[in-house]
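Engineer: data_2.cif is reproduced below (mmCIF, C-alpha atoms).
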data_target
#
loop_
_atom_site.group_PDB
_atom_site.id
_atom_site.type_symbol
_atom_site.label_atom_id
_atom_site.label_comp_id
_atom_site.auth_asym_id
_atom_site.auth_seq_id
_atom_site.Cartn_x
_atom_site.Cartn_y
_atom_site.Cartn_z
ATOM 1 C CA MET A 207 0.000 0.000 0.000
ATOM 2 C CA ILE A 208 1.361 3.433 -0.941
ATOM 3 C CA ASN A 209 -0.131 5.219 2.020
ATOM 4 C CA PRO A 210 -1.235 3.382 5.189
ATOM 5 C CA GLN A 211 -3.849 6.066 5.800
ATOM 6 C CA PRO A 212 -5.116 7.326 2.437
ATOM 7 C CA ALA A 213 -6.440 10.867 2.569
ATOM 8 C CA THR A 214 -8.270 13.300 0.345
ATOM 9 C CA LEU A 215 -7.407 16.975 0.244
ATOM 10 C CA SER A 216 -10.605 17.810 2.113
ATOM 11 C CA GLN A 217 -9.772 15.335 4.874
ATOM 12 C CA VAL A 218 -6.273 16.757 5.316
ATOM 13 C CA LEU A 219 -7.644 20.284 5.555
ATOM 14 C CA GLU A 220 -10.342 19.246 8.036
ATOM 15 C CA ARG A 221 -7.811 17.587 10.364
ATOM 16 C CA HIS A 222 -5.684 20.714 10.764
ATOM 17 C CA SER A 223 -6.125 24.387 11.509
ATOM 18 C CA PHE A 224 -4.045 25.583 8.592
ATOM 19 C CA HIS A 225 -3.603 29.292 7.969
ATOM 20 C CA THR A 226 -1.143 29.115 5.063
ATOM 21 C CA LEU A 227 -0.791 26.770 2.085
ATOM 22 C CA LEU A 228 2.409 26.490 0.047
ATOM 23 C CA ILE A 229 1.819 24.801 -3.304
ATOM 24 C CA ASP A 230 4.232 23.609 -5.955
ATOM 25 C CA ALA A 231 3.300 24.392 -9.558
ATOM 26 C CA SER A 232 4.499 21.804 -12.086
ATOM 27 C CA GLY A 233 3.162 18.389 -11.116
ATOM 28 C CA VAL A 234 0.553 19.799 -8.738
ATOM 29 C CA LEU A 235 -1.340 22.534 -10.583
ATOM 30 C CA TYR A 236 -0.356 21.419 -14.076
ATOM 31 C CA ASN A 237 2.029 19.268 -16.067
ATOM 32 C CA ASP A 238 3.042 19.207 -19.732
ATOM 33 C CA ALA A 239 -0.403 17.868 -20.642
ATOM 34 C CA GLY A 240 -2.083 20.986 -19.202
ATOM 35 C CA PRO A 241 -3.892 21.875 -15.967
ATOM 36 C CA VAL A 242 -4.836 19.200 -13.462
ATOM 37 C CA SER A 243 -8.517 18.289 -13.592
ATOM 38 C CA GLU A 244 -10.714 20.664 -11.543
ATOM 39 C CA ILE A 245 -7.657 22.584 -10.342
ATOM 40 C CA GLN A 246 -9.261 25.975 -10.989
ATOM 41 C CA GLU A 247 -12.193 25.247 -8.685
ATOM 42 C CA THR A 248 -9.962 23.642 -6.065
ATOM 43 C CA LEU A 249 -7.524 26.547 -5.927
ATOM 44 C CA ALA A 250 -10.286 29.152 -5.902
ATOM 45 C CA LYS A 251 -11.863 27.475 -2.851
ATOM 46 C CA LEU A 252 -8.500 27.333 -1.090
ATOM 47 C CA GLN A 253 -7.858 31.017 -1.760
ATOM 48 C CA GLN A 254 -11.137 31.873 -0.050
ATOM 49 C CA ASN A 255 -10.059 30.260 3.204
ATOM 50 C CA TYR A 256 -6.257 30.319 3.366
ATOM 51 C CA SER A 257 -3.220 32.397 2.506
ATOM 52 C CA VAL A 258 -2.033 30.590 -0.630
ATOM 53 C CA PHE A 259 1.424 30.827 -2.202
ATOM 54 C CA ILE A 260 3.074 29.040 -5.090
ATOM 55 C CA VAL A 261 6.568 27.851 -4.206
ATOM 56 C CA THR A 262 8.309 26.636 -7.327
ATOM 57 C CA ASN A 263 11.667 25.597 -8.759
ATOM 58 C CA ASN A 264 10.607 27.195 -12.038
ATOM 59 C CA SER A 265 13.460 29.542 -12.935
ATOM 60 C CA TYR A 266 12.627 29.046 -16.626
ATOM 61 C CA PHE A 267 9.994 31.778 -16.292
ATOM 62 C CA TYR A 268 10.245 35.069 -14.400
ATOM 63 C CA ILE A 269 7.168 35.861 -12.296
ATOM 64 C CA PRO A 270 5.092 37.736 -14.937
ATOM 65 C CA PHE A 271 5.565 34.820 -17.343
ATOM 66 C CA ILE A 272 4.494 32.348 -14.646
ATOM 67 C CA LEU A 273 1.387 34.467 -14.077
ATOM 68 C CA GLN A 274 0.626 34.399 -17.805
ATOM 69 C CA LYS A 275 0.961 30.621 -17.898
ATOM 70 C CA LEU A 276 -1.341 30.227 -14.904
ATOM 71 C CA ALA A 277 -3.874 32.638 -16.377
ATOM 72 C CA GLN A 278 -4.036 30.462 -19.492
ATOM 73 C CA TYR A 279 -5.357 27.766 -17.150
ATOM 74 C CA GLN A 280 -7.770 30.215 -15.423
ATOM 75 C CA ILE A 281 -5.570 30.231 -12.325
ATOM 76 C CA TYR A 282 -5.054 33.702 -10.904
ATOM 77 C CA MET A 283 -2.466 34.797 -8.354
ATOM 78 C CA HIS A 284 -0.879 38.050 -7.196
ATOM 79 C CA PRO A 285 2.784 38.388 -8.248
ATOM 80 C CA LYS A 286 3.956 38.419 -4.632
ATOM 81 C CA GLN A 287 2.194 35.100 -4.051
ATOM 82 C CA ILE A 288 4.757 33.318 -6.234
ATOM 83 C CA ILE A 289 8.165 32.426 -4.814
ATOM 84 C CA SER A 290 10.608 31.034 -7.358
ATOM 85 C CA SER A 291 13.986 29.438 -6.775
ATOM 86 C CA GLY A 292 15.250 31.989 -9.314
ATOM 87 C CA TYR A 293 15.076 34.510 -6.475
ATOM 88 C CA GLY A 294 17.953 32.629 -4.891
ATOM 89 C CA LEU A 295 20.369 34.395 -7.230
ATOM 90 C CA SER A 296 19.630 37.686 -5.490
ATOM 91 C CA MET A 297 18.585 36.475 -2.022
ATOM 92 C CA ASP A 298 20.877 33.606 -1.060
ATOM 93 C CA PRO A 299 24.097 34.758 0.695
ATOM 94 C CA THR A 300 26.285 32.214 -1.098
ATOM 95 C CA CYS A 301 24.923 33.195 -4.506
ATOM 96 C CA LEU A 302 25.397 36.863 -3.673
ATOM 97 C CA ARG A 303 29.030 36.230 -2.776
ATOM 98 C CA LEU A 304 29.709 34.228 -5.935
ATOM 99 C CA LEU A 305 27.976 36.701 -8.264
ATOM 100 C CA SER A 306 28.867 40.080 -6.790
ATOM 101 C CA GLN A 307 30.347 42.273 -9.533
ATOM 102 C CA LYS A 308 30.943 39.250 -11.759
ATOM 103 C CA THR A 309 30.568 38.967 -15.506
ATOM 104 C CA VAL A 310 28.159 36.055 -15.878
ATOM 105 C CA TYR A 311 27.245 33.697 -18.684
ATOM 106 C CA VAL A 312 23.643 32.529 -18.470
ATOM 107 C CA PHE A 313 22.627 29.129 -19.807
ATOM 108 C CA GLY A 314 18.897 29.600 -20.136
ATOM 109 C CA ASN A 315 16.137 31.406 -21.996
ATOM 110 C CA ASP A 316 15.331 35.100 -22.026
ATOM 111 C CA THR A 317 12.241 34.506 -19.887
ATOM 112 C CA SER A 318 14.527 33.716 -16.935
ATOM 113 C CA MET A 319 16.924 36.650 -17.380
ATOM 114 C CA PRO A 320 15.273 39.029 -14.847
ATOM 115 C CA TYR A 321 16.254 36.665 -12.014
ATOM 116 C CA VAL A 322 19.870 37.181 -13.077
ATOM 117 C CA THR A 323 19.709 40.947 -13.358
ATOM 118 C CA LEU A 324 18.236 41.182 -9.848
ATOM 119 C CA ALA A 325 21.568 39.850 -8.569
ATOM 120 C CA PRO A 326 24.503 42.251 -7.991
ATOM 121 C CA ILE A 327 26.351 41.144 -11.133
ATOM 122 C CA LYS A 328 28.637 43.336 -13.218
ATOM 123 C CA LYS A 329 27.124 42.315 -16.550
ATOM 124 C CA VAL A 330 25.789 39.414 -18.608
ATOM 125 C CA THR A 331 27.956 38.141 -21.444
ATOM 126 C CA GLN A 332 27.205 35.855 -24.370
ATOM 127 C CA ASN A 333 30.909 35.079 -24.696
ATOM 128 C CA LEU A 334 31.971 32.180 -22.491
ATOM 129 C CA LYS A 335 35.583 33.374 -22.534
ATOM 130 C CA GLU A 336 34.552 36.545 -20.677
ATOM 131 C CA ALA A 337 32.639 34.734 -17.923
ATOM 132 C CA ASP A 338 33.610 34.927 -14.246
ATOM 133 C CA ALA A 339 30.598 32.801 -13.257
ATOM 134 C CA ILE A 340 28.065 30.509 -14.927
ATOM 135 C CA ILE A 341 24.344 30.507 -14.103
ATOM 136 C CA LEU A 342 22.073 27.675 -15.207
ATOM 137 C CA THR A 343 18.426 28.752 -15.235
ATOM 138 C CA SER A 344 16.723 26.489 -17.780
ATOM 139 C CA SER A 345 17.083 24.184 -20.732
ATOM 140 C CA LEU A 346 17.198 25.855 -24.140
ATOM 141 C CA HIS A 347 14.443 25.894 -26.758
ATOM 142 C CA LYS A 348 16.869 25.190 -29.581
ATOM 143 C CA ASN A 349 20.209 23.430 -29.933
ATOM 144 C CA HIS A 350 20.272 22.574 -26.260
ATOM 145 C CA GLU A 351 22.561 19.544 -26.422
ATOM 146 C CA THR A 352 25.102 21.270 -28.682
ATOM 147 C CA ALA A 353 25.193 24.368 -26.475
ATOM 148 C CA PHE A 354 25.523 22.292 -23.329
ATOM 149 C CA THR A 355 28.393 20.259 -24.783
ATOM 150 C CA THR A 356 30.178 23.537 -25.571
ATOM 151 C CA LEU A 357 29.610 24.674 -21.993
ATOM 152 C CA VAL A 358 30.938 21.412 -20.557
ATOM 153 C CA ASP A 359 34.099 21.609 -22.675
ATOM 154 C CA PHE A 360 34.700 25.181 -21.539
ATOM 155 C CA LEU A 361 34.173 24.385 -17.861
ATOM 156 C CA LEU A 362 36.495 21.376 -17.987
ATOM 157 C CA GLU A 363 39.181 23.784 -19.207
ATOM 158 C CA HIS A 364 38.227 26.372 -16.551
ATOM 159 C CA PRO A 365 37.154 24.334 -13.491
ATOM 160 C CA HIS A 366 37.700 27.282 -11.123
ATOM 161 C CA ILE A 367 34.720 29.222 -12.511
ATOM 162 C CA PRO A 368 31.736 29.006 -10.100
ATOM 163 C CA ILE A 369 28.558 27.376 -11.399
ATOM 164 C CA ILE A 370 25.127 28.109 -9.937
ATOM 165 C CA CYS A 371 21.982 26.177 -10.840
ATOM 166 C CA CYS A 372 18.760 27.756 -9.575
ATOM 167 C CA ASN A 373 16.505 24.861 -10.535
ATOM 168 C CA PRO A 374 17.488 21.557 -8.895
ATOM 169 C CA ASP A 375 14.644 19.655 -10.594
ATOM 170 C CA GLN A 376 16.069 16.950 -12.831
ATOM 171 C CA TYR A 377 12.794 15.789 -14.386
ATOM 172 C CA VAL A 378 9.223 16.873 -14.949
ATOM 173 C CA VAL A 379 6.374 14.758 -16.241
ATOM 174 C CA GLY A 380 6.189 15.014 -20.032
ATOM 175 C CA VAL A 381 3.300 14.481 -22.430
ATOM 176 C CA HIS A 382 4.696 11.746 -24.643
ATOM 177 C CA GLN A 383 7.203 10.258 -22.213
ATOM 178 C CA PRO A 384 7.079 9.506 -18.477
ATOM 179 C CA LEU A 385 9.903 11.865 -17.584
ATOM 180 C CA LYS A 386 11.367 14.898 -19.323
ATOM 181 C CA LYS A 387 14.893 16.074 -18.470
ATOM 182 C CA VAL A 388 15.238 19.663 -17.300
ATOM 183 C CA ILE A 389 18.174 21.846 -16.318
ATOM 184 C CA GLY A 390 18.847 20.230 -12.935
ATOM 185 C CA TYR A 391 19.613 16.974 -14.740
ATOM 186 C CA TYR A 392 22.238 18.667 -16.864
ATOM 187 C CA ALA A 393 23.741 20.435 -13.866
ATOM 188 C CA SER A 394 24.044 17.068 -12.131
ATOM 189 C CA GLN A 395 26.048 15.826 -15.125
ATOM 190 C CA LEU A 396 28.555 18.588 -14.465
ATOM 191 C CA GLU A 397 28.975 17.311 -10.912
ATOM 192 C CA LYS A 398 29.608 13.824 -12.246
ATOM 193 C CA LYS A 399 32.478 15.291 -14.252
ATOM 194 C CA GLY A 400 33.992 16.727 -11.067
ATOM 195 C CA LEU A 401 32.703 20.267 -11.571
ATOM 196 C CA PRO A 402 31.154 21.631 -8.348
ATOM 197 C CA VAL A 403 27.695 23.179 -8.629
ATOM 198 C CA THR A 404 26.069 25.552 -6.151
ATOM 199 C CA TRP A 405 22.381 24.655 -5.980
ATOM 200 C CA VAL A 406 19.519 26.855 -4.866
ATOM 201 C CA GLY A 407 15.925 25.632 -4.781
ATOM 202 C CA LYS A 408 13.948 22.760 -3.317
ATOM 203 C CA PRO A 409 15.039 20.578 -1.507
ATOM 204 C CA TYR A 410 18.012 22.680 -0.343
ATOM 205 C CA ALA A 411 17.942 24.559 2.952
ATOM 206 C CA ASN A 412 18.992 27.812 1.269
ATOM 207 C CA PHE A 413 15.674 28.018 -0.554
ATOM 208 C CA SER A 414 13.715 27.018 2.546
ATOM 209 C CA ASN A 415 15.335 29.996 4.278
ATOM 210 C CA ILE A 416 14.382 32.258 1.376
ATOM 211 C CA VAL A 417 10.755 31.127 1.600
ATOM 212 C CA ARG A 418 10.694 31.712 5.365
ATOM 213 C CA ASN A 419 12.263 35.171 5.099
ATOM 214 C CA TYR A 420 10.135 36.177 2.103
ATOM 215 C CA LEU A 421 6.845 35.364 3.806
ATOM 216 C CA GLN A 422 7.906 37.039 7.027
ATOM 217 C CA TYR A 423 9.085 40.209 5.282
ATOM 218 C CA HIS A 424 6.260 40.648 2.769
ATOM 219 C CA PHE A 425 3.306 39.204 4.695
ATOM 220 C CA GLY A 426 4.313 39.001 8.353
ATOM 221 C CA LEU A 427 3.734 35.245 8.252
ATOM 222 C CA SER A 428 5.543 32.756 10.465
ATOM 223 C CA LEU A 429 5.715 29.178 9.235
ATOM 224 C CA ASP A 430 4.777 26.333 11.561
ATOM 225 C CA SER A 431 2.822 23.076 11.603
ATOM 226 C CA ASN A 432 -0.305 25.057 10.699
ATOM 227 C CA THR A 433 1.302 25.710 7.327
ATOM 228 C CA CYS A 434 0.867 22.943 4.732
ATOM 229 C CA PHE A 435 3.172 22.360 1.760
ATOM 230 C CA PHE A 436 2.035 20.387 -1.300
ATOM 231 C CA ASP A 437 4.577 19.026 -3.787
ATOM 232 C CA ASP A 438 4.808 16.096 -6.191
ATOM 233 C CA ASN A 439 8.319 15.206 -4.984
ATOM 234 C CA PRO A 440 8.397 13.623 -1.507
ATOM 235 C CA GLN A 441 12.030 14.688 -1.046
ATOM 236 C CA ASN A 442 10.930 18.313 -1.319
ATOM 237 C CA VAL A 443 8.103 17.726 1.136
ATOM 238 C CA GLN A 444 10.474 16.079 3.597
ATOM 239 C CA ALA A 445 12.935 18.971 3.249
ATOM 240 C CA PHE A 446 10.314 21.640 3.991
ATOM 241 C CA GLN A 447 9.109 19.660 6.990
ATOM 242 C CA ASP A 448 12.659 19.383 8.322
ATOM 243 C CA HIS A 449 13.768 22.941 7.535
ATOM 244 C CA LEU A 450 10.587 24.894 8.268
ATOM 245 C CA GLY A 451 8.555 22.730 10.642
ATOM 246 C CA VAL A 452 5.547 22.764 8.315
ATOM 247 C CA THR A 453 3.092 19.991 7.563
ATOM 248 C CA GLY A 454 3.667 18.306 4.207
ATOM 249 C CA CYS A 455 1.588 16.385 1.664
ATOM 250 C CA CYS A 456 2.778 14.690 -1.502
ATOM 251 C CA ILE A 457 0.600 14.773 -4.617
ATOM 252 C CA LEU A 458 0.291 11.372 -6.217
ATOM 253 C CA ASN A 459 -1.657 11.540 -9.455
ATOM 254 C CA SER A 460 -0.278 14.379 -11.593
ATOM 255 C CA GLY A 461 3.492 14.660 -11.193
ATOM 256 C CA LEU A 462 6.714 12.860 -10.364
ATOM 257 C CA SER A 463 5.219 10.625 -7.690
ATOM 258 C CA ARG A 464 2.988 9.084 -10.344
ATOM 259 C CA VAL A 465 5.837 7.911 -12.563
ATOM 260 C CA GLN A 466 8.972 7.611 -10.428
ATOM 261 C CA SER A 467 9.903 4.443 -8.549
ATOM 262 C CA LEU A 468 9.896 5.616 -4.941
ATOM 263 C CA ASP A 469 9.648 3.924 -1.574
ATOM 264 C CA PHE A 470 6.340 5.553 -0.735
ATOM 265 C CA SER A 471 5.846 3.525 2.419
ATOM 266 C CA ALA A 472 9.041 4.928 3.955
ATOM 267 C CA TYR A 473 7.934 8.499 3.326
ATOM 268 C CA SER A 474 4.409 7.775 4.533
ATOM 269 C CA THR A 475 5.400 6.133 7.810
ATOM 270 C CA HIS A 476 8.778 7.608 8.792
ATOM 271 C CA TYR A 477 8.221 11.168 7.589
ATOM 272 C CA LYS A 478 4.439 11.179 8.162
ATOM 273 C CA ILE A 479 3.794 12.328 4.598
ATOM 274 C CA PRO A 480 0.335 11.500 3.244
ATOM 275 C CA PHE A 481 -0.082 10.966 -0.486
ATOM 276 C CA LEU A 482 -3.217 12.361 -2.077
ATOM 277 C CA LYS A 483 -4.791 13.904 -5.153
ATOM 278 C CA PHE A 484 -4.852 17.688 -5.214
ATOM 279 C CA SER A 485 -8.596 17.930 -5.592
ATOM 280 C CA ALA A 486 -11.216 18.972 -3.084
#
Could you rewrite the structure in this file as structure tokens?
Structural biologist:
Amino acid sequence: MINPQPATLSQVLERHSFHTLLIDASGVLYNDAGPVSEIQETLAKLQQNYSVFIVTNNSYFYIPFILQKLAQYQIYMHPKQIISSGYGLSMDPTCLRLLSQKTVYVFGNDTSMPYVTLAPIKKVTQNLKEADAIILTSSLHKNHETAFTTLVDFLLEHPHIPIICCNPDQYVVGVHQPLKKVIGYYASQLEKKGLPVTWVGKPYANFSNIVRNYLQYHFGLSLDSNTCFFDDNPQNVQAFQDHLGVTGCCILNSGLSRVQSLDFSAYSTHYKIPFLKFSA
């Protein structure tokens, strides 16, 4: 059995006095096939009763582009209700130290560039030979493999150059295949070649700290067990529980947990993580 005590979203909400809900985007609200069934109605009901925030590793899109994508699915949020791991470039102390007054080469699409320019960099360059630091924000629309091979060759010749990846996700659920590789996968390949990568995003503690500080600063919210975090990756749920002391739930039917081979029973019993569908 995946979960010794199966639960619905309504049951989880009824058992707790939640005041704040933190919700992942890809794999919970939507996947490559489109929005999750009935997600618009579910999220609208939640917004009536709770403070709701999207907490995402999506550094492919800057916040206005995320809002546009959500609006296409009739999901509406305020810009400040979205916290992206891309913010780590300008909010995480380690990233700030590595990027301060540096000339950076960005491996990613233009839709992620504002996260970079929020950081205290000197400038962005399209010439690898000028780079003092490398930032990985997203996979490329075109010629991704060729461009990444060029980047790998350059970094093997210049292993001292710091590398930051602000999306640790290695896979998302694709339409025509169970799993689709994203930028975190490629960053992990750099590590396998002996090139150190600084990560920011779920499940790392640096991003948990950013989420805590962001909500405290902008909304005066303190995170505790009356905060619930929903994600399709149980490792992320476990991390938020450990780092922030929140309650966690893993979504089973629409994201990674549906297609990855995971020891669900260990997460369910040891980490007290229920698995459920994100539908009221």
Engineer: Between A:Arg418, A:Lys251, A:Lys329, A:His449, which one has atoms that come closest to A:Met297, using all atoms listed in the file?
Structural biologist: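 With all atoms listed in the file as the atom set, the closest residue is A:Arg418.
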Engineer: For A:Phe267, list every protein, DNA or RNA residue within 8 Å, evaluated using all atoms listed in the file, and leave out those in the same chain fewer than 4 positions away; present the list as a PDB file with C-alpha atoms, keeping the file's coordinate frame.
Structural biologist:
ATOM      1  CA  PHE A 271       5.565  34.820 -17.343  1.00  0.00           C
ATOM      2  CA  ILE A 272       4.494  32.348 -14.646  1.00  0.00           C
ATOM      3  CA  THR A 317      12.241  34.506 -19.887  1.00  0.00           C
ATOM      4  CA  SER A 318      14.527  33.716 -16.935  1.00  0.00           C
TER       5      SER A 318
END
Engineer: Pull out every residue that the PyMOL selection byres ((chain A and resi 399) around 12) matches in the shown coordinates and put them as a PyMOL selection string.
Structural biologist: chain A and resi 358-359+361-363+365+392-398+400-403
Engineer: So what do you get for atom CA of A:Ala231 versus atom CA of A:Tyr377, distance-wise?
Structural biologist: 13.7 Å
Engineer: Rank A:Ala213, A:Ser414, A:Tyr268, A:Thr433 by their smallest atom-to-atom distance to A:Pro320, using all atoms listed in the file, and report the top residue only.
Structural biologist: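 Under the stated criterion, the closest residue is A:Tyr268.
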Engineer: Would you kindly translate the PyMOL selection byres ((chain A and resi 284) around 12) into the concrete residues it picks from this file, as a short mmCIF file (atom, residue, chain, number, x, y, z; two decimals) with C-alpha atoms, in the coordinates of the input?
Structural biologist:
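result-v4.cif, freshly written:
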data_model
loop_
_atom_site.label_atom_id
_atom_site.label_comp_id
_atom_site.auth_asym_id
_atom_site.auth_seq_id
_atom_site.Cartn_x
_atom_site.Cartn_y
_atom_site.Cartn_z
CA GLN A 253 -7.86 31.02 -1.76
CA SER A 257 -3.22 32.40 2.51
CA VAL A 258 -2.03 30.59 -0.63
CA PHE A 259 1.42 30.83 -2.20
CA ILE A 260 3.07 29.04 -5.09
CA ILE A 269 7.17 35.86 -12.30
CA PRO A 270 5.09 37.74 -14.94
CA ILE A 272 4.49 32.35 -14.65
CA LEU A 273 1.39 34.47 -14.08
CA GLN A 274 0.63 34.40 -17.80
CA LEU A 276 -1.34 30.23 -14.90
CA ALA A 277 -3.87 32.64 -16.38
CA ILE A 281 -5.57 30.23 -12.32
CA TYR A 282 -5.05 33.70 -10.90
CA MET A 283 -2.47 34.80 -8.35
CA PRO A 285 2.78 38.39 -8.25
CA LYS A 286 3.96 38.42 -4.63
CA GLN A 287 2.19 35.10 -4.05
CA ILE A 288 4.76 33.32 -6.23
CA ILE A 289 8.16 32.43 -4.81
#
Engineer: Please write as a ChimeraX atom specification the full residue list that the PyMOL selection byres ((chain A and resi 265) around 12) yields on this file.
Structural biologist: /A:231-232,261-264,266-272,288-295,312-322,341-345,371-375,388-390,406-408
Engineer: Can I get the selected residues back with C-alpha atoms, as a PDB file, in the frame of the given file?
Structural biologist:
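Result saved to again.pdb:
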ATOM      1  CA  ALA A 231       3.300  24.392  -9.558  1.00  0.00           C
ATOM      2  CA  SER A 232       4.499  21.804 -12.086  1.00  0.00           C
ATOM      3  CA  VAL A 261       6.568  27.851  -4.206  1.00  0.00           C
ATOM      4  CA  THR A 262       8.309  26.636  -7.327  1.00  0.00           C
ATOM      5  CA  ASN A 263      11.667  25.597  -8.759  1.00  0.00           C
ATOM      6  CA  ASN A 264      10.607  27.195 -12.038  1.00  0.00           C
ATOM      7  CA  TYR A 266      12.627  29.046 -16.626  1.00  0.00           C
ATOM      8  CA  PHE A 267       9.994  31.778 -16.292  1.00  0.00           C
ATOM      9  CA  TYR A 268      10.245  35.069 -14.400  1.00  0.00           C
ATOM     10  CA  ILE A 269       7.168  35.861 -12.296  1.00  0.00           C
ATOM     11  CA  PRO A 270       5.092  37.736 -14.937  1.00  0.00           C
ATOM     12  CA  PHE A 271       5.565  34.820 -17.343  1.00  0.00           C
ATOM     13  CA  ILE A 272       4.494  32.348 -14.646  1.00  0.00           C
ATOM     14  CA  ILE A 288       4.757  33.318  -6.234  1.00  0.00           C
ATOM     15  CA  ILE A 289       8.165  32.426  -4.814  1.00  0.00           C
ATOM     16  CA  SER A 290      10.608  31.034  -7.358  1.00  0.00           C
ATOM     17  CA  SER A 291      13.986  29.438  -6.775  1.00  0.00           C
ATOM     18  CA  GLY A 292      15.250  31.989  -9.314  1.00  0.00           C
ATOM     19  CA  TYR A 293      15.076  34.510  -6.475  1.00  0.00           C
ATOM     20  CA  GLY A 294      17.953  32.629  -4.891  1.00  0.00           C
ATOM     21  CA  LEU A 295      20.369  34.395  -7.230  1.00  0.00           C
ATOM     22  CA  VAL A 312      23.643  32.529 -18.470  1.00  0.00           C
ATOM     23  CA  PHE A 313      22.627  29.129 -19.807  1.00  0.00           C
ATOM     24  CA  GLY A 314      18.897  29.600 -20.136  1.00  0.00           C
ATOM     25  CA  ASN A 315      16.137  31.406 -21.996  1.00  0.00           C
ATOM     26  CA  ASP A 316      15.331  35.100 -22.026  1.00  0.00           C
ATOM     27  CA  THR A 317      12.241  34.506 -19.887  1.00  0.00           C
ATOM     28  CA  SER A 318      14.527  33.716 -16.935  1.00  0.00           C
ATOM     29  CA  MET A 319      16.924  36.650 -17.380  1.00  0.00           C
ATOM     30  CA  PRO A 320      15.273  39.029 -14.847  1.00  0.00           C
ATOM     31  CA  TYR A 321      16.254  36.665 -12.014  1.00  0.00           C
ATOM     32  CA  VAL A 322      19.870  37.181 -13.077  1.00  0.00           C
ATOM     33  CA  ILE A 341      24.344  30.507 -14.103  1.00  0.00           C
ATOM     34  CA  LEU A 342      22.073  27.675 -15.207  1.00  0.00           C
ATOM     35  CA  THR A 343      18.426  28.752 -15.235  1.00  0.00           C
ATOM     36  CA  SER A 344      16.723  26.489 -17.780  1.00  0.00           C
ATOM     37  CA  SER A 345      17.083  24.184 -20.732  1.00  0.00           C
ATOM     38  CA  CYS A 371      21.982  26.177 -10.840  1.00  0.00           C
ATOM     39  CA  CYS A 372      18.760  27.756  -9.575  1.00  0.00           C
ATOM     40  CA  ASN A 373      16.505  24.861 -10.535  1.00  0.00           C
ATOM     41  CA  PRO A 374      17.488  21.557  -8.895  1.00  0.00           C
ATOM     42  CA  ASP A 375      14.644  19.655 -10.594  1.00  0.00           C
ATOM     43  CA  VAL A 388      15.238  19.663 -17.300  1.00  0.00           C
ATOM     44  CA  ILE A 389      18.174  21.846 -16.318  1.00  0.00           C
ATOM     45  CA  GLY A 390      18.847  20.230 -12.935  1.00  0.00           C
ATOM     46  CA  VAL A 406      19.519  26.855  -4.866  1.00  0.00           C
ATOM     47  CA  GLY A 407      15.925  25.632  -4.781  1.00  0.00           C
ATOM     48  CA  LYS A 408      13.948  22.760  -3.317  1.00  0.00           C
TER      49      LYS A 408
END
Engineer: One decimal, in Å: what's the spacing between atom CA of A:Lys328 and atom CA of A:Tyr423?
Structural biologist: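 Distance reported for this atom pair: 27.1 Å.
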Engineer: So, with all atoms listed in the file as the atoms that count, which of A:Asn459, A:Asn442, A:Val330, A:Leu450 lies closest to A:Val417?
Structural biologist: A:Leu450
Engineer: Which residue gives the smallest distance to A:Val310 among A:His347, A:Asn412, A:Ile369, A:Lys275, with only C-alpha atoms counted?
Structural biologist: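 Nearest to A:Val310: A:Ile369.
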Engineer: Identify, on the basis of all atoms listed in the file, every residue whose closest approach to A:Tyr236 does not exceed 9 Å; exclude the query and any residue fewer than 3 positions from it along the same chain; express the result as JSON, numbers by chain.
Structural biologist: {"A": [231, 232, 233, 239, 240, 241, 242, 243, 245, 276, 279, 460, 461]}
